[in-house]
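Undergrad: Questions regarding the structure given below will be posed in turn.
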Amino acid sequence: MEAILKIEHLSKNFYLHEQQKLISSCRNISFELNKGSFIGIVGTSGAGKSTVLRCIYRTYLATEGHVWYNSLAYGPVDLVNADERQIINLRRAEIGYVSQFLSILPRTTAFQHVTDAALEAGFSQEEAEKRAAQMLDYFRLRRDLWGLYPATFSGGEKLRLNLAHAMVKAPRLLLLDEPTASLDPDTKLLVRDLLLKLKNEGTSMLGIFHDLEFMEGLCDRVYNLSQGSFTE
């Protein structure tokens with residue numbers, strides 16, 4: 001199978017200026033994600049799991065190594081060295097990211113937040129609004145919340161909004177950082193069913209999970225990240 005993502009010797013260090021101390025978060029990470037496959041990452045808190053995802057999404061700039069992504073827009077591109085314009089375009093149209101934390105522009109309603117994501121992916125206004133409504137309904141976000149600003153939402157509501165925002169695009173590559181962290185069991189099943197649907201439709205996924213039962217039958221491979229290093 002053809003790889004959509006190839007990580008080569010990825011390392012990320014953080015320098016604490018006040019303490020004049022270098023912290024190694026992850027080191028010499030190498031693996032491949034095939035098109036339409038799902039890789040799960042497990043490990044203890046602080047092991048560097050989220051750092052790997054953020055280096056791929058380029059919210060962190062890797063200290064060493066390469067992140068080769070086989071894009072539609074540019075062909076093979078190293079996300080470590082790609083320019084900001086390329087990164088922005090790829091995030092809009094091809095790469096989705098689900099975080100435990102909600103990042104949204106002030107005075108943007110929940111419905112507009114999800115609609116904007118679909119518009120960025122290239123859908124028409126009418127289709128974007130239709131997809132946004134379907135996705136918010138799917139994740140059982142009450143309709144009386146759609147026109148509100150999400151700052152006052154509960155943790156679970158914010159996470160469901162994050163999921164809707166990322167998945168409405170049906171991205172080619174989906175990065176998931178603890179996507180079920182604050183969800184009730186019924187909503188976890190909704191997430192699982194939609195991830196399986198996206199996978200069957202060709203979305204490639206890389207996800208961090210603590211819920212090992214949730215991962216069963218979903219991931220093709222599971223890696224353990226311990227003390228900064230990967231083992232399968």
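We label chains A, B, ... in the order they appear in the structure tokens, count residues from 1 in each chain, and number ligands from 1 in the order shown.
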Could you tell me, as an MDAnalysis selection string, which residues of range 14-226 of chain A DSSP assigns to alpha helix (DSSP H) when given the backbone?
TA: chainID A and resid 49:57 84:93 110:120 125:138 155:167 185:200 212:215
Undergrad: Would you mind writing down, as a PyMOL selection string, each residue of range 16-90 of chain A that DSSP on the backbone assigns to strand (DSSP E or B)?
TA: chain A and resi 16+21-34+38-42+64-71+75-78
Undergrad: Could you write out the selected residues, including C-alpha atoms, as a short mmCIF file (atom, residue, chain, number, x, y, z; two decimals), in the first residue's frame?
TA:
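This is the output file part17.cif:
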```cif
data_model
loop_
_atom_site.label_atom_id
_atom_site.label_comp_id
_atom_site.auth_asym_id
_atom_site.auth_seq_id
_atom_site.Cartn_x
_atom_site.Cartn_y
_atom_site.Cartn_z
CA LEU A 16 13.52 26.44 29.02
CA LYS A 21 17.58 23.63 30.45
CA LEU A 22 16.98 21.50 27.34
CA ILE A 23 14.01 19.10 27.52
CA SER A 24 13.72 16.21 25.03
CA SER A 25 10.05 15.46 24.34
CA CYS A 26 10.36 12.79 21.63
CA ARG A 27 13.35 11.48 19.72
CA ASN A 28 14.16 9.51 16.59
CA ILE A 29 10.52 8.68 15.76
CA SER A 30 10.09 6.84 12.44
CA PHE A 31 6.98 5.18 11.01
CA GLU A 32 4.70 5.16 7.97
CA LEU A 33 0.93 5.59 7.71
CA ASN A 34 -0.61 3.95 4.65
CA PHE A 38 -5.42 3.96 11.21
CA ILE A 39 -2.46 4.04 13.60
CA GLY A 40 -3.05 4.36 17.34
CA ILE A 41 -0.52 5.76 19.80
CA VAL A 42 -0.56 4.86 23.48
CA GLU A 64 15.22 17.20 13.70
CA GLY A 65 13.83 14.82 11.09
CA HIS A 66 11.22 14.93 8.35
CA VAL A 67 7.44 14.60 8.04
CA TRP A 68 6.67 13.62 4.46
CA TYR A 69 3.01 14.05 3.50
CA ASN A 70 1.76 12.91 0.09
CA SER A 71 -0.59 15.81 -0.64
CA GLY A 75 2.59 16.21 -4.15
CA PRO A 76 5.12 14.92 -1.58
CA VAL A 77 5.88 17.76 0.85
CA ASP A 78 8.04 17.82 3.98
#
```
Undergrad: Could you name the residues that touch Val191 in chain A at 12 Å or less, counting only C-alpha atoms, but leaving out those on the same chain fewer than 2 positions away, as an NGL selection string?
TA: :A and (98 or 135 or 138-140 or 159-164 or 166-167 or 176 or 178-181 or 183-189 or 193-198 or 214-215 or 218)
Undergrad: What separation in Å, quoted to one decimal, exists between CA of Ile88 in chain A and CA of Arg107 in chain A?
TA: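 According to the coordinates, CA of Ile88 in chain A and CA of Arg107 in chain A are separated by 21.8 Å.
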Undergrad: Excluding Leu90 in chain A and residues on its chain fewer than 2 positions from it, collect all residues at most 12 Å away from it, counting only C-alpha atoms, and give them as number ranges by chain.
TA: A: 56-58, 69-75, 77-79, 82-88, 92-97, 120-121, 169, 171-174
Undergrad: Would you mind exporting the chosen residues as an mmCIF file, in the first residue's frame, restricted to C-alpha atoms?
TA:
```
data_model
loop_
_atom_site.group_PDB
_atom_site.id
_atom_site.type_symbol
_atom_site.label_atom_id
_atom_site.label_comp_id
_atom_site.auth_asym_id
_atom_site.auth_seq_id
_atom_site.Cartn_x
_atom_site.Cartn_y
_atom_site.Cartn_z
ATOM 1 C CA ILE A 56 2.893 16.666 12.030
ATOM 2 C CA TYR A 57 0.270 19.427 12.111
ATOM 3 C CA ARG A 58 3.131 21.947 12.417
ATOM 4 C CA TYR A 69 3.015 14.050 3.502
ATOM 5 C CA ASN A 70 1.759 12.906 0.091
ATOM 6 C CA SER A 71 -0.592 15.812 -0.640
ATOM 7 C CA LEU A 72 -3.069 16.403 -3.432
ATOM 8 C CA ALA A 73 -2.139 20.075 -3.717
ATOM 9 C CA TYR A 74 1.659 19.875 -3.823
ATOM 10 C CA GLY A 75 2.590 16.210 -4.155
ATOM 11 C CA VAL A 77 5.877 17.760 0.853
ATOM 12 C CA ASP A 78 8.036 17.824 3.982
ATOM 13 C CA LEU A 79 5.809 19.469 6.582
ATOM 14 C CA ALA A 82 7.051 23.628 4.070
ATOM 15 C CA ASP A 83 6.262 27.340 3.970
ATOM 16 C CA GLU A 84 3.400 28.815 6.006
ATOM 17 C CA ARG A 85 1.145 29.265 2.964
ATOM 18 C CA GLN A 86 1.374 25.569 2.140
ATOM 19 C CA ILE A 87 0.691 24.580 5.751
ATOM 20 C CA ILE A 88 -2.402 26.826 5.932
ATOM 21 C CA ARG A 92 -7.905 23.956 5.276
ATOM 22 C CA ALA A 93 -8.379 21.328 2.606
ATOM 23 C CA GLU A 94 -6.582 18.088 3.494
ATOM 24 C CA ILE A 95 -5.477 17.691 7.124
ATOM 25 C CA GLY A 96 -7.844 17.709 10.102
ATOM 26 C CA TYR A 97 -6.903 17.916 13.779
ATOM 27 C CA GLU A 120 -12.518 25.924 3.619
ATOM 28 C CA ALA A 121 -12.637 22.363 2.280
ATOM 29 C CA LYS A 169 -14.361 18.213 5.913
ATOM 30 C CA PRO A 171 -10.129 15.174 5.426
ATOM 31 C CA ARG A 172 -7.552 12.964 3.727
ATOM 32 C CA LEU A 173 -5.501 12.861 6.949
ATOM 33 C CA LEU A 174 -7.089 13.136 10.391
#
```
Undergrad: Under the rule that only C-alpha atoms are counted, which of A:Gln19, A:Thr152, A:Asn13, A:Thr109 is the nearest residue to Ala132 in chain A?
TA: A:Thr109
Undergrad: For a quick check of understanding, using only C-alpha atoms, which of A:Ala47, A:Leu148, A:Leu175, A:Ile4 has the smallest distance to Asn224 in chain A?
TA: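 Closest candidate: A:Ala47.
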Undergrad: From the set A:Ala3, A:Leu53, A:Leu206, A:Leu61, which residue has the shortest atom-to-atom contact distance to Arg221 in chain A, counting only C-alpha atoms?
TA: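 Looking only at the distances to Arg221 in chain A, the closest residue turns out to be A:Leu206.
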Undergrad: CA of Ala170 in chain A to CA of Leu141 in chain A: how many Å, to one decimal?
TA: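 Taking CA of Ala170 in chain A as the start and CA of Leu141 in chain A as the end point, the length is 19.0 Å.
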Undergrad: Using CA of Thr108 in chain A and CA of Phe153 in chain A as the two end points, give the distance in Å to one decimal.
TA: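 Separating CA of Thr108 in chain A from CA of Phe153 in chain A is a distance of 13.1 Å.
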Undergrad: Which is closest to Ser99 in chain A among A:Ile7, A:Leu119, A:Val80, A:Ile208, if we use only C-alpha atoms?
TA: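 Using only C-alpha atoms, Ser99 in chain A sits closest to A:Ile208.
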Undergrad: Counting only C-alpha atoms, figure out which residue out of A:Met205, A:Lys35, A:Gly43, A:Glu8 gets nearest to Ala62 in chain A.
TA: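 Nearest candidate to Ala62 in chain A out of A:Met205, A:Lys35, A:Gly43, A:Glu8: A:Glu8.
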